Structure formats: C-alpha cells, structure tokens
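Participant: Right, I'll just put the structure down here and ask away after.
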Amino acid sequence: MKKKFIQIIFAFICSSSITILAQTSNILPPTLQLYETGKRLFEEKNFAAAILPLQNFVRQAPESFSFQEAEYMLACSYYELKDVNSITILRSYLKKYPDSPHSNRIYALIASHYFFEEKYDEALAIFNSVHPNFLSKEEQAEMTYQLAICNLKTGKTQEAAIRFATLKTISNKYNQDCLYYTSYIRYTQQKYEVALDGFLQLQNNLKYKTFVPYYIAQIYLIQKQYSKAKEIAKGYLKKDSQNKHSIDMYRILGESYYYSENYQQATKFFQTYLNSLNIKPQRNIVYMLGLAYYKTKVFSKAAATLGEITTTHDELTQNAYLHMGLAYLQLAEKNKARMAFEQAAADNTNLKIKEQAAYNYALCIHDTSFSAFGESVNAFEQFLNEFPKSQYTEEINSYLVEVYMNTRNYQYALKSIDRISNPGMRIMEAKQKILFQLGLQAFTNSSFEEAMKYFTKSISLGQYNRETKANSFYWRGETFYRLHDLLKSSNDFKEYLSISKTVSSKMYPIAHYNLGYINFEQKNYSQAENWFIKYINLEKEKNSLTLADTYNRIGDCNFYIRNFSTATEYYSKAESMNTSNGDYSFYQLAIVSGLQKDYSGKITLLNRLMGKYPSSPYITNALYEKGRSYVQMNNNKQAINTFKELAQRYPQSPISRKASAEIGLLYYQDEDYSQAIKAYKNVITQYPESEEAELALRDLKSIYIDTNRISDFTTLVSSLPGNMHVSTNEQDSLTYVAAEKIYMRKNILQAQKSLNSYLEKYPNGAFKINAHYYLCLIGEKQRNDKMVLDHSAEILKYPNNQFAEKALIFRSEILFKQKKYNETLELYKQLQESASTYENRSLAQVGILRSAYLSNNDSQTIDAANNLLSDPKINPELRTEATYDRAKSYLKLGTDKKAMTDLRTLSKDTRNIYGAEAKYLIAQKLYDAKEYESAEKELLDFIDKSTPHAYWLARGFILLSDVYVAMNKKLDARQYLLSLQQNYHADDNIKSMIKNRLQKLNK
C-alpha cells in the first residue's frame, strides 16, 4: 500500500513538471512535444486526434520517463473510440504494468466494456475488483449506475436497489434513472403502490415515456382499476401503435375489457395482441380469449382456442376442458363434448369444476349411448361415490337405472349391479336384460357353453321382464341345439312359444322351424311335419331359403313313412322356388320315382338334375342311381356306360368303387367273361384292400373256375398288391375275430393288447386294416395322438379302403392341433375327394379353409372360402369365418376391392371379433388411401355401434387420432387419445401406441 502511494506521488510530481515544461514548450525537444500534444488532446477528450502524436512518441522515445503514461493514454483512447481490440489493449497494459497507478481505472474500463456488450455476469465479476474511491466522482457515479444495472439484469434485485439508492446520494445525473429502475424493482416485488408512484412521476420523461405507460397500465390492471388501465393503454396506442410495448397495450386492453365483462371488445383486442406476437403467447391470455368467445357465443372458436392450452396439467386446463365441453354441447357435437368433460372430470385440481364436469360427462354418455369401455356405468357410479351430497345426486341415480337398461358394455354393468347391496326392481330387470345380452354376445362368438350359462341366469330372473325371459329361452334353445342336446333344445323352444307375446317377431316362426328339425333328427316324422307346416303358415317371406328347406323336410318326413305322393308334392314345391336347395329336391323326386318303379321317369329327373345343377354334391349319387335304374330296366349296356362315366369322372368317390364293382358283375351276368375279368381286375388294382376288391376277387375265382383257367387265377393272385387272398387263413381269422370281440365288449386295454398281438403275428393279414382302425379308435379314446397317427398312416397306405375316410379325419384333426397345416391341407383335400357324406365333405372343406389360411396360402384360402360360401346349408358362424379368411387373403394379395366387399359384409355385426376387426380394417384402408373424411365416418360409426372386443375398438380410437392429425385437427386427436388412455386398461400394445402419439402431438 505504501509502495502504491509513493508511485502515485511520483506520478503526480512527474505530471507537474511536464505541465511546467509545457508552459515553455518552445524550448522542449521534439519527442517531448509529441507527448505534450497527445496529452493535451487526450485531456480535451479528443481521443482520435490524441492517438497519432502519442503513437509517434511511444515509437520514438521508448526509454522516456513518460513512456508508460503515454501507453496508458493510448489504451484509454482506443477504449473511448470503441476499437475492436480495446479490451486486448487494456489487458495487455495491465499485464505489462501490473503495478500501474491506473490499474484500478483500467479494470473499471474493462468492466464497462462488458457492460455495454450486455455481458452482465462478466462485468459484475470485474466491477467487484474495482475500488470506486480511486475513480473520479463522475466515474464513480457511472460505475455505480452500471453496477446497479448489472445486478438488476442478473436477478439480484435487492443489490440493484441498494446501488440505485447509493447512486442518488452521489450524483443528480441519474435521479430519473434511479427512480425508473427503483420503481421497476418495486413492481417486480409486487409493491405496486410504491412502483406506481414512481412511474407516475416519470410520465413526461423523454427517456422513459415509451416504457412507463406500460407499467402504469399493468399496475392499474392488477389493481382492478380497469377504466384507468384502458385509458392509459388507449392513450399510448393513440400516440404510438408501432412501439414494441404497443403489443402489450392490446393485451392490457383485452384483459381490462374481459374483467369488465365486455367480452366483445375483449376478443377484438386479444385477437390483435395474439396476431402481433412472434412468440408463443401466455396460456392465460389464450384461455381468456377462449372464454370470451364462449361468452359471446362463438362456440366453434371457443372450443378450438381453449384446446390450445390443454397441454399442461393445471386448473387452467381443467376449466378450459369444462368450457370446451359446454361449447361443444352448443354445437351439438356431443362426442367431443363428452371427451372434454371426461378430461375435466378426471382432474382433482378444482373439485367444483370436477363436479360440474363429471355431471356433464355422465349426461353426455347417457345422451350419446356411448360406452365403449364401460364409461356409461362408471361415470354415473363414480359420480355418486365422489359427490354423494351433490345437487345432482337424485338425477344421476335415475339415469344410472336407464344406463343399466341400455348399456352395451354388459360385463361392466353386471359388475356394477353386483356391487349394489339392495338393488330395486328396475335394477334387477336391467340385470336380467344384461345377462341375456351377455348370453347373446357369447353365442355370437360361438362360446356356446358360456352362452348357455348366461341365458340360464337371465331365465332365473324372468319375473322382472317376460319378453326378455322368452328371448332367453329361445336363444338357449339355439345354444342347446349347437351343443347337440336336442331334448333340452326342444323344451326351450316350447317354453319360448308359451311365454312370448311377440308373434310378429322373426324368432317366433323360426322356433317352429327349429322344433320341426329337432323332431326330424329324432325321426319323429309326424311331429316334425306338424311343426314345419306351422312354420310355413307363420313365415311371411314366401321366397326364403328356409321355406324351401322346410318343403324339402316335409317331403323327407313323408318319404320316410313311404307316403310318396305327398313327398312328391312337397319336393316339387321346394324345387319350384329355384333356390340353391333345388338339386336335393330333384334328387329326391328321382328316388321316389324309382321306388314307384318309374325307372324311365327317374332317369329323366336325374338327367334334369345334372343339367340344371352341374356342381351339385348329388352328382355322384345321381349317376349311380341312373345306372341302377338301367339295371332295373335290364338295360345292362346303358347301365355299364353310366357306371363307367361315374368311375372316370369321380375315381376317388366311394360310390365309384361300388359302380366299378357293378360293371364287373354286369359283364359277368352277360357272360362277357373277358370284360368281366378286366373290370374286376380294375376294381382290385384301383381299390385294393377294399370290400369291393374282396368281392371282385371272389367273383374272379368263380369266372376262372367256370372257364377252367385255375392256373391263370393263381398267377393273378400272386401278382396282386396288398397280399390279397382268395380265402382267409383260418388261424388269421380266428385271431382277429377274438381280438375284435374283446373290443366290442369294451375291454379296451385287453383289446389293444390283442390287436397288437394280431398285427405282430400277421403283419399282412387279411384283417390288418380292420385291426389298425380299431387301434385308431382306442388311441382316440386314450387321447394318445401318436398311436392314432401311427395306425391311421397304416390305413392310408390303401387309400380306398372302407376305413380310409375315418382315418383321414382322425389324422388331420391331430395334425391340425399340432399346427402342421401344410400336411392337414393335403389330408383335407383327400377327404374332400373321397367323402361319402355331406357332413364329411363339409368337414373337409372347413379343414381346407383353416389349413390354407393358417399356412398363409392365400389363393387356396380364397378357393376354399368360395366353396364353403356357395353352400346354402353353411351355418352363420362358419359363413362369417370363411368371409373373414377370404377378406384377409384378398388384402394380402392386394385385391383390395374384393376385400372391402367382404369386410363390409363382416362389419355389419361388430358383436363378433371378425366384424370388429373388419370395421377397423375398412377405416385403415380408407386412411391409407387418404380418404380421411370417409375413415372418420367409419370410425365414429364403429364407436357408436361398439363391440365387446375392446382391443379392436381401442385400435379404432388410435386410428381416429391419426385421421384427425392428417386432417390437422390435433385437438380432436389428443381428445380421443386421452379418453382412451383413461378408459382402456388391458395389458397390450395400446398403451405404447397412445404414449407415442401423445408425445408427437405435444411437441
């Protein structure tokens, strides 16, 4: 400190001597004259002029005593002239002369430089190392001012206030500045009275006249002095509407009018304010504009504007959702209103808002019949639990009963009712209906055991609603029929008829039809006919497929009791309706003609059948019966030709085996032994191990004996496949028969042992196929899949034997269960070719469809579906499945037009999973094609119809949000996602879909 003081005194003496010398400058040397000139100009603050003489001095007199002082003046001159290198020069000076008496001022200059560059933190750091007492009074004031501003700019308002107070005591120059900044600080500290007093004093200050009115108006607004706020703001805008504070004046005017309840003016100024902004506006301003729109009944703008601020969870958002809902109600957009109320009701920030929103949410659900995920029941039940003392309680209670009666989310409603300790009659009536609907839902999805349980429970509550009870009996009857319990099915249909008062219902005549079928299947033909006739009298659609089928069944009833004239009458009626069942009618008419010995008429009818219905499943039977008719007419030649046609066209059919055997027999009867031998050989080689082959072999033996060609017969036998025998070895026969008898006595384990023993002794025995078949049956009973597969494989080594058809069924069912779909596809194709009954042929077609679909064989899936769907007797559940599989295959093949036709058909019933997915897929295809309005319409219809298959409905919500994003309706998109998020609780990929989309929307 002492050293520094000496330096200062020394510098002072030097400067004094220089001054004395200046007075006699005419005697100074040239270099010193440069120094004196530069110094004088520097002191006169003519910094630009001072630089040149000082530079020359420094260059010419580096050893001069005044060299350091000259460098100081140069550094300061560069600073004052704002040279880009001034900071570098000042810092270089300090580095060169760390003990300079000017170091304190140099630091002050560096700090000021950072101040003017608005680097307030850096300026503060350096100012804190400067001693103001070593500066001039003017510089002290300047530094104090800059320090105060730095503190203010860096958030140190208390320190800034102290500096401004200090500044007022040391300089009058900054009085107005101190007043402004002190008032500003008091404003930030919410000391509005003090701040206002200071700002009012500065209204006419030229420096602050563009700033002060804003704070005055803002304080008046805060103090709810709206008239004064408006007066200040309008006056300001009248003078200058282009200033940056003008924008805020529009906001202040908007708020002032808003709080004065002049919403028309408020919207005007808020709009101007928001349109002028280049940054994201304050949420509360957008909120007030939204409410102002609502108050002025501009509801569309109200909803859209309020929707902009709902990205943050707070009371503002909650109230915005409430008023969005109210606005949507006015626009008759109840779905959007529902979702807005739902969001407000889910928020606990303000319980009054929550109560009002929850009430409106519940009413919206009731009015729109919306309950995609159980919202209707939950909304009313939750309201009563959360607001038991609400003014709306009684009203909500009555609505809850209505919801139970009309809800479509039956499981949720049932759980809700079960939580009620003492339900009244209306609640129990609702429960009865809900149980019925759950049964119907399960039936639609082919869950027949589950359906039966629900219908039974609904029937047990039958005292509450007679018609619901009757309907439950009807559908339980349908369920028992599907479960093959004919007796219970019959009883339920009769109960339905005794209870139901709705004779005009479609179910009423069908119940008679069903009872006719039940009796028909039980061979109660007289009763069956009575029920069918009752159905005919009740059926209003006189050209229906069911009516034609009924005529056929009445014909069958009379056919079986040999009342052929009546049978002919009804078969003729059925055929005349030109339905797809006409081929059966024709066939039966032909059979009746044959039974009446009108063989010529029978042949005529069969020819007409084959001509009119070339794809009929009765073609093989028709050809065989035609051949038999020729046999009956002793026209063996025509019979042989007909049987040959059958065998050539349908070689895999079991009927062809019979026809081939008949050909040999007819040649034998005509004593055309060469042709007979040829025909019989064909049977043996074409159908080895079959019953017909055994008979052919016996007849061949007779022919060779009659023609004395025993050696030829022996040669023939030795060359035959399958080790066929003319006569069965006695021991072979005895061993097999013994094993078979054990099986017939149902001693399964012993039978299994005996049959295996037989096969071990006689692996190529005459009864080996029989033995393998019985072991298949045993394996099936024991659920031993390997055993069934092993023995069915042995049977199918001879594909035309009598057990091959059953072996194909056994084998394909097990392999299907093992998911070996490529194998089952081929097996079911074989079964389709060789099936001897309509049922087995249908089973094969279903197997082909499912195997092809599950093995992703799209073209074969489509073919199989087409075959099944062409069958008029196909049940509704299978028709739906086939249509679905075909639609999915069309989609994969890119045949969208055909796919959409099938999907439209399926989507008519969203109660089953096929219809639910189809509805979604239609909308997805429309979305992919950028037909957004059509996609929206489809999805809203889906939501309105609802479905028990919540996953696909949830996917519909997700897709609808995508549609709205594409339509630039991001608010609507967010609404649907939030609604889904709150109501869908399954553990699947829906949650992640919602999360991803919300994140994108919130960016």
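Naming scheme: A, B, ... for chains in displayed order of the structure tokens; residues 1 onward per chain; ligands 1 onward as shown.
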Excluding Tyr464 in chain A and residues on its chain fewer than 6 positions from it, collect all residues at most 12 Å away from it, counting only C-alpha atoms, and give them as a ChimeraX atom specification.
Facilitator: /A:424-433,458,470
Participant: Would you pick out the contacts of range 870-873 of chain A at 12 Å or less, using only C-alpha atoms, so that residues sharing its chain but fewer than 5 positions from it are not included, and give the list as a ChimeraX atom specification?
Facilitator: /A:544-546,548-549,579-584,615-617,838-839,841-842,845-846,863-865,878-879,882-883
Participant: May I have the residues within 7 Å of range 50-64 of chain A as a list in words, using only C-alpha atoms and disregarding those fewer than 2 positions away in the same chain?
Facilitator: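 In the requested form, the answer reads Thr31, Leu34, Tyr35, Thr37, Gly38, Lys39, Leu41, Phe42, Asn46, Phe47, Ala48, Ser66, Phe67, Ala70, Leu74 and Ser77 of chain A.
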Participant: Show me, as a PyMOL selection string, the residues that have an atom within 12 Å of range 511-515 of chain A when counting only C-alpha atoms, minus same-chain residues fewer than 5 positions from it.
Facilitator: chain A and resi 470-471+473-482+486-498+500+503+505-506+520-522+524-525+527-539+546-551+553-554
Participant: From the DSSP assignment of the backbone, select every residue of range 453-556 of chain A that is helix (DSSP H, G or I), and format the answer as JSON, numbers by chain.
Facilitator: {"A": [453, 454, 455, 456, 457, 458, 459, 460, 466, 467, 468, 469, 470, 471, 472, 473, 474, 475, 476, 477, 478, 479, 480, 481, 482, 486, 487, 488, 489, 490, 491, 492, 493, 494, 495, 496, 497, 498, 499, 507, 508, 509, 510, 511, 512, 513, 514, 515, 516, 517, 518, 519, 520, 521, 525, 526, 527, 528, 529, 530, 531, 532, 533, 534, 535, 536, 537, 538, 545, 546, 547, 548, 549, 550, 551, 552, 553, 554, 555, 556]}
Participant: Take the residues from that selection and put them in a file with C-alpha atoms, as an mmCIF file, in the first residue's frame.
Facilitator:
data_model
loop_
_atom_site.group_PDB
_atom_site.id
_atom_site.type_symbol
_atom_site.label_atom_id
_atom_site.label_comp_id
_atom_site.auth_asym_id
_atom_site.auth_seq_id
_atom_site.Cartn_x
_atom_site.Cartn_y
_atom_site.Cartn_z
ATOM 1 C CA LYS A 453 -74.875 -70.190 -18.503
ATOM 2 C CA TYR A 454 -75.828 -66.549 -19.104
ATOM 3 C CA PHE A 455 -79.197 -67.434 -20.642
ATOM 4 C CA THR A 456 -79.941 -69.697 -17.664
ATOM 5 C CA LYS A 457 -79.132 -66.893 -15.216
ATOM 6 C CA SER A 458 -81.338 -64.489 -17.156
ATOM 7 C CA ILE A 459 -84.201 -67.013 -17.133
ATOM 8 C CA SER A 460 -83.857 -67.312 -13.347
ATOM 9 C CA ARG A 466 -91.487 -61.509 -19.567
ATOM 10 C CA GLU A 467 -90.199 -60.817 -23.081
ATOM 11 C CA THR A 468 -86.545 -60.963 -22.016
ATOM 12 C CA LYS A 469 -87.286 -64.306 -20.373
ATOM 13 C CA ALA A 470 -88.923 -65.584 -23.560
ATOM 14 C CA ASN A 471 -85.960 -64.442 -25.668
ATOM 15 C CA SER A 472 -83.558 -66.146 -23.267
ATOM 16 C CA PHE A 473 -85.467 -69.428 -23.705
ATOM 17 C CA TYR A 474 -85.297 -69.074 -27.487
ATOM 18 C CA TRP A 475 -81.555 -68.449 -27.618
ATOM 19 C CA ARG A 476 -80.795 -71.066 -25.009
ATOM 20 C CA GLY A 477 -82.726 -73.449 -27.268
ATOM 21 C CA GLU A 478 -80.453 -72.422 -30.150
ATOM 22 C CA THR A 479 -77.445 -72.941 -27.864
ATOM 23 C CA PHE A 480 -78.507 -76.431 -26.783
ATOM 24 C CA TYR A 481 -79.053 -77.291 -30.447
ATOM 25 C CA ARG A 482 -75.471 -76.231 -31.245
ATOM 26 C CA LEU A 486 -81.875 -81.961 -28.737
ATOM 27 C CA LEU A 487 -84.193 -82.698 -25.818
ATOM 28 C CA LYS A 488 -83.243 -79.546 -23.892
ATOM 29 C CA SER A 489 -83.300 -77.536 -27.087
ATOM 30 C CA SER A 490 -86.842 -78.706 -27.830
ATOM 31 C CA ASN A 491 -88.030 -77.885 -24.311
ATOM 32 C CA ASP A 492 -86.622 -74.357 -24.513
ATOM 33 C CA PHE A 493 -88.230 -73.585 -27.859
ATOM 34 C CA LYS A 494 -91.575 -74.757 -26.498
ATOM 35 C CA GLU A 495 -91.107 -72.560 -23.392
ATOM 36 C CA TYR A 496 -90.359 -69.636 -25.669
ATOM 37 C CA LEU A 497 -93.558 -70.168 -27.639
ATOM 38 C CA SER A 498 -95.624 -70.450 -24.469
ATOM 39 C CA ILE A 499 -94.216 -67.214 -22.987
ATOM 40 C CA MET A 507 -87.894 -65.645 -33.956
ATOM 41 C CA TYR A 508 -91.472 -66.816 -33.450
ATOM 42 C CA PRO A 509 -91.864 -68.722 -36.777
ATOM 43 C CA ILE A 510 -88.208 -69.864 -36.658
ATOM 44 C CA ALA A 511 -88.869 -71.532 -33.297
ATOM 45 C CA HIS A 512 -91.451 -73.728 -35.066
ATOM 46 C CA TYR A 513 -88.951 -74.455 -37.835
ATOM 47 C CA ASN A 514 -86.323 -75.436 -35.233
ATOM 48 C CA LEU A 515 -88.777 -77.746 -33.458
ATOM 49 C CA GLY A 516 -89.541 -79.351 -36.793
ATOM 50 C CA TYR A 517 -85.836 -80.052 -37.319
ATOM 51 C CA ILE A 518 -85.340 -81.418 -33.804
ATOM 52 C CA ASN A 519 -88.172 -83.906 -34.290
ATOM 53 C CA PHE A 520 -86.923 -84.726 -37.764
ATOM 54 C CA GLU A 521 -83.469 -85.583 -36.402
ATOM 55 C CA TYR A 525 -91.593 -87.575 -38.656
ATOM 56 C CA SER A 526 -95.245 -86.955 -37.939
ATOM 57 C CA GLN A 527 -94.473 -84.340 -35.243
ATOM 58 C CA ALA A 528 -91.748 -82.843 -37.387
ATOM 59 C CA GLU A 529 -94.203 -82.380 -40.251
ATOM 60 C CA ASN A 530 -96.702 -80.645 -37.950
ATOM 61 C CA TRP A 531 -94.079 -78.150 -36.740
ATOM 62 C CA PHE A 532 -92.864 -77.496 -40.282
ATOM 63 C CA ILE A 533 -96.418 -76.821 -41.511
ATOM 64 C CA LYS A 534 -96.930 -74.376 -38.613
ATOM 65 C CA TYR A 535 -93.748 -72.622 -39.669
ATOM 66 C CA ILE A 536 -94.990 -72.358 -43.273
ATOM 67 C CA ASN A 537 -98.223 -70.757 -42.084
ATOM 68 C CA LEU A 538 -96.306 -68.212 -39.994
ATOM 69 C CA LEU A 545 -84.319 -70.284 -48.492
ATOM 70 C CA THR A 546 -85.619 -71.540 -45.149
ATOM 71 C CA LEU A 547 -89.089 -72.022 -46.610
ATOM 72 C CA ALA A 548 -87.703 -74.090 -49.489
ATOM 73 C CA ASP A 549 -85.735 -76.163 -46.995
ATOM 74 C CA THR A 550 -88.925 -76.695 -44.998
ATOM 75 C CA TYR A 551 -90.747 -78.069 -48.070
ATOM 76 C CA ASN A 552 -87.869 -80.499 -48.566
ATOM 77 C CA ARG A 553 -88.024 -81.640 -44.947
ATOM 78 C CA ILE A 554 -91.786 -82.206 -45.146
ATOM 79 C CA GLY A 555 -91.099 -84.183 -48.287
ATOM 80 C CA ASP A 556 -88.489 -86.206 -46.328
#
Participant: Using only C-alpha atoms, determine which residues lie at most 10 Å from Tyr743 in chain A, disregarding the query and same-chain residues fewer than 6 positions distant; provide the list as a short mmCIF file (atom, residue, chain, number, x, y, z; two decimals) with all heavy atoms, in the first residue's frame.
Facilitator:
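To be explicit, this is the file written out as result-v7.cif:
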data_model
loop_
_atom_site.label_atom_id
_atom_site.label_comp_id
_atom_site.auth_asym_id
_atom_site.auth_seq_id
_atom_site.Cartn_x
_atom_site.Cartn_y
_atom_site.Cartn_z
N VAL A 737 -60.84 -112.23 -35.04
CA VAL A 737 -62.21 -112.21 -34.51
C VAL A 737 -62.18 -112.19 -32.99
O VAL A 737 -62.97 -111.48 -32.35
CB VAL A 737 -63.01 -113.43 -35.04
CG1 VAL A 737 -64.33 -113.56 -34.30
CG2 VAL A 737 -63.24 -113.28 -36.54
N LEU A 749 -58.20 -102.04 -22.88
CA LEU A 749 -56.79 -102.37 -22.71
C LEU A 749 -56.46 -103.77 -23.23
O LEU A 749 -55.44 -103.99 -23.90
CB LEU A 749 -56.40 -102.25 -21.23
CG LEU A 749 -56.43 -100.82 -20.66
CD1 LEU A 749 -56.10 -100.84 -19.17
CD2 LEU A 749 -55.44 -99.92 -21.40
N GLN A 750 -57.36 -104.73 -22.95
CA GLN A 750 -57.14 -106.09 -23.42
C GLN A 750 -57.27 -106.15 -24.94
O GLN A 750 -56.51 -106.85 -25.61
CB GLN A 750 -58.16 -107.04 -22.76
CG GLN A 750 -57.92 -108.53 -23.09
CD GLN A 750 -56.56 -109.01 -22.60
OE1 GLN A 750 -56.13 -108.67 -21.52
NE2 GLN A 750 -55.88 -109.82 -23.42
N ALA A 751 -58.23 -105.38 -25.47
CA ALA A 751 -58.42 -105.33 -26.93
C ALA A 751 -57.18 -104.78 -27.61
O ALA A 751 -56.73 -105.28 -28.63
CB ALA A 751 -59.63 -104.49 -27.28
N GLN A 752 -56.61 -103.71 -27.02
CA GLN A 752 -55.40 -103.11 -27.57
C GLN A 752 -54.27 -104.14 -27.63
O GLN A 752 -53.57 -104.26 -28.64
CB GLN A 752 -54.97 -101.91 -26.71
CG GLN A 752 -53.74 -101.19 -27.22
CD GLN A 752 -53.36 -100.01 -26.33
OE1 GLN A 752 -54.08 -99.66 -25.38
NE2 GLN A 752 -52.22 -99.41 -26.61
N SER A 754 -54.55 -107.43 -27.65
CA SER A 754 -54.89 -108.50 -28.59
C SER A 754 -54.70 -108.07 -30.04
O SER A 754 -54.20 -108.82 -30.88
CB SER A 754 -56.32 -108.98 -28.36
OG SER A 754 -56.46 -109.51 -27.05
N LEU A 755 -55.13 -106.84 -30.36
CA LEU A 755 -55.00 -106.34 -31.73
C LEU A 755 -53.53 -106.16 -32.11
O LEU A 755 -53.13 -106.46 -33.25
CB LEU A 755 -55.76 -105.02 -31.88
CG LEU A 755 -57.29 -105.13 -31.85
CD1 LEU A 755 -57.93 -103.76 -31.64
CD2 LEU A 755 -57.81 -105.78 -33.15
N TYR A 774 -59.33 -100.25 -35.46
CA TYR A 774 -59.75 -100.35 -34.07
C TYR A 774 -58.69 -99.76 -33.13
O TYR A 774 -59.03 -99.15 -32.11
CB TYR A 774 -60.05 -101.81 -33.69
CG TYR A 774 -61.38 -102.28 -34.23
CD1 TYR A 774 -61.47 -103.38 -35.09
CD2 TYR A 774 -62.55 -101.61 -33.88
CE1 TYR A 774 -62.70 -103.80 -35.59
CE2 TYR A 774 -63.79 -102.04 -34.37
CZ TYR A 774 -63.86 -103.12 -35.23
OH TYR A 774 -65.08 -103.52 -35.72
N LEU A 775 -57.42 -99.92 -33.48
CA LEU A 775 -56.36 -99.32 -32.65
C LEU A 775 -56.39 -97.80 -32.75
O LEU A 775 -56.06 -97.10 -31.79
CB LEU A 775 -55.00 -99.87 -33.07
CG LEU A 775 -54.72 -101.31 -32.61
CD1 LEU A 775 -53.50 -101.88 -33.31
CD2 LEU A 775 -54.54 -101.36 -31.09
N ILE A 778 -59.08 -96.83 -30.31
CA ILE A 778 -58.57 -96.94 -28.95
C ILE A 778 -57.65 -95.76 -28.63
O ILE A 778 -57.73 -95.15 -27.56
CB ILE A 778 -57.83 -98.28 -28.75
CG1 ILE A 778 -58.84 -99.43 -28.82
CG2 ILE A 778 -57.08 -98.30 -27.43
CD1 ILE A 778 -58.20 -100.82 -28.89
#
Participant: Do a neighbour search on range 207-215 of chain A at 8 Å with only C-alpha atoms, toss out local chain neighbours closer than 3 positions, and write the hits as a PyMOL selection string.
Facilitator: chain A and resi 180+196+199-200+202-204+218-219+232-233+236+243+245+248-249
Participant: Mind dumping a table of every range 607-651 of chain A residue within 12 Å of range 568-578 of chain A, with the nearest atom pair and its distance in Å to one decimal, using only C-alpha atoms, sorted by chain and rising number, as a tab-separated table?
Facilitator:
residue	atom	partner	partner_atom	distance
A:Arg608	CA	A:Glu575	CA	11.9
A:Leu609	CA	A:Glu575	CA	10.5
A:Lys612	CA	A:Asn578	CA	10.5
A:Tyr613	CA	A:Asn578	CA	11.0
Participant: With only C-alpha atoms as the basis for distance, which of A:Pro799, A:Arg850, A:Glu69, A:Ile943 is at the shortest distance from Thr824 in chain A?
Facilitator: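 Nearest candidate to Thr824 in chain A out of A:Pro799, A:Arg850, A:Glu69, A:Ile943: A:Arg850.
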Participant: How many Å separate CA of Leu695 in chain A from CA of Phe713 in chain A?
Facilitator: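 Taking CA of Leu695 in chain A as the start and CA of Phe713 in chain A as the end point, the length is 14.8 Å.
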Participant: Give me the residues of range 144-258 of chain A that have any atom at most 9 Å from an atom of range 288-302 of chain A; for each, the nearest atom pair and the distance in Å, rounded to one decimal. Use only C-alpha atoms, sort by chain and number, and format it as a Markdown table.
Facilitator:
| residue | atom | partner | partner_atom | distance |
| --- | --- | --- | --- | --- |
| A:Gly254 | CA | A:Leu289 | CA | 8.4 |
| A:Glu255 | CA | A:Met288 | CA | 7.8 |
| A:Tyr258 | CA | A:Ala292 | CA | 7.0 |
Participant: Take the residues from that selection and put them in a file with C-alpha atoms, as a PDB file, in the first residue's frame.
Facilitator:
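Below you can see part06.pdb, which holds the result:
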ATOM      1  CA  GLY A 254     -58.162  -7.190 -23.801  1.00  0.00           C
ATOM      2  CA  GLU A 255     -57.791  -8.139 -20.149  1.00  0.00           C
ATOM      3  CA  TYR A 258     -62.539  -9.157 -20.218  1.00  0.00           C
TER       4      TYR A 258
END
Participant: Pick out the residues sitting within 8 Å of Asp902 in chain A, and hand them over as an mmCIF file with C-alpha atoms, in the first residue's frame; count only C-alpha atoms, and ignore anything fewer than 6 positions along from it in its own chain.
Facilitator:
data_model
loop_
_atom_site.group_PDB
_atom_site.id
_atom_site.type_symbol
_atom_site.label_atom_id
_atom_site.label_comp_id
_atom_site.auth_asym_id
_atom_site.auth_seq_id
_atom_site.Cartn_x
_atom_site.Cartn_y
_atom_site.Cartn_z
ATOM 1 C CA THR A 883 -65.772 -64.481 -45.324
ATOM 2 C CA TYR A 884 -63.163 -63.165 -42.881
ATOM 3 C CA ARG A 886 -61.175 -64.668 -47.683
ATOM 4 C CA ALA A 887 -61.066 -60.939 -46.926
#
Participant: Pick the closest to Glu394 in chain A from A:Tyr114, A:Ala835, A:Thr188, A:Tyr359: which is it, counting only C-alpha atoms?
Facilitator: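 Once distances to Glu394 in chain A are computed over only C-alpha atoms, the minimum belongs to A:Tyr359.
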Participant: Smallest atom-to-atom distance to Thr707 in chain A: which of A:Leu869, A:Ala358, A:Leu322, A:Ile677, using only C-alpha atoms?
Facilitator: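 Smallest separation from Thr707 in chain A among the options: A:Ile677.
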Participant: Hey, can you check how far CA of Glu917 in chain A sits from CA of Thr444 in chain A?
Facilitator: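 Result for CA of Glu917 in chain A versus CA of Thr444 in chain A: 14.7 Å, one decimal.
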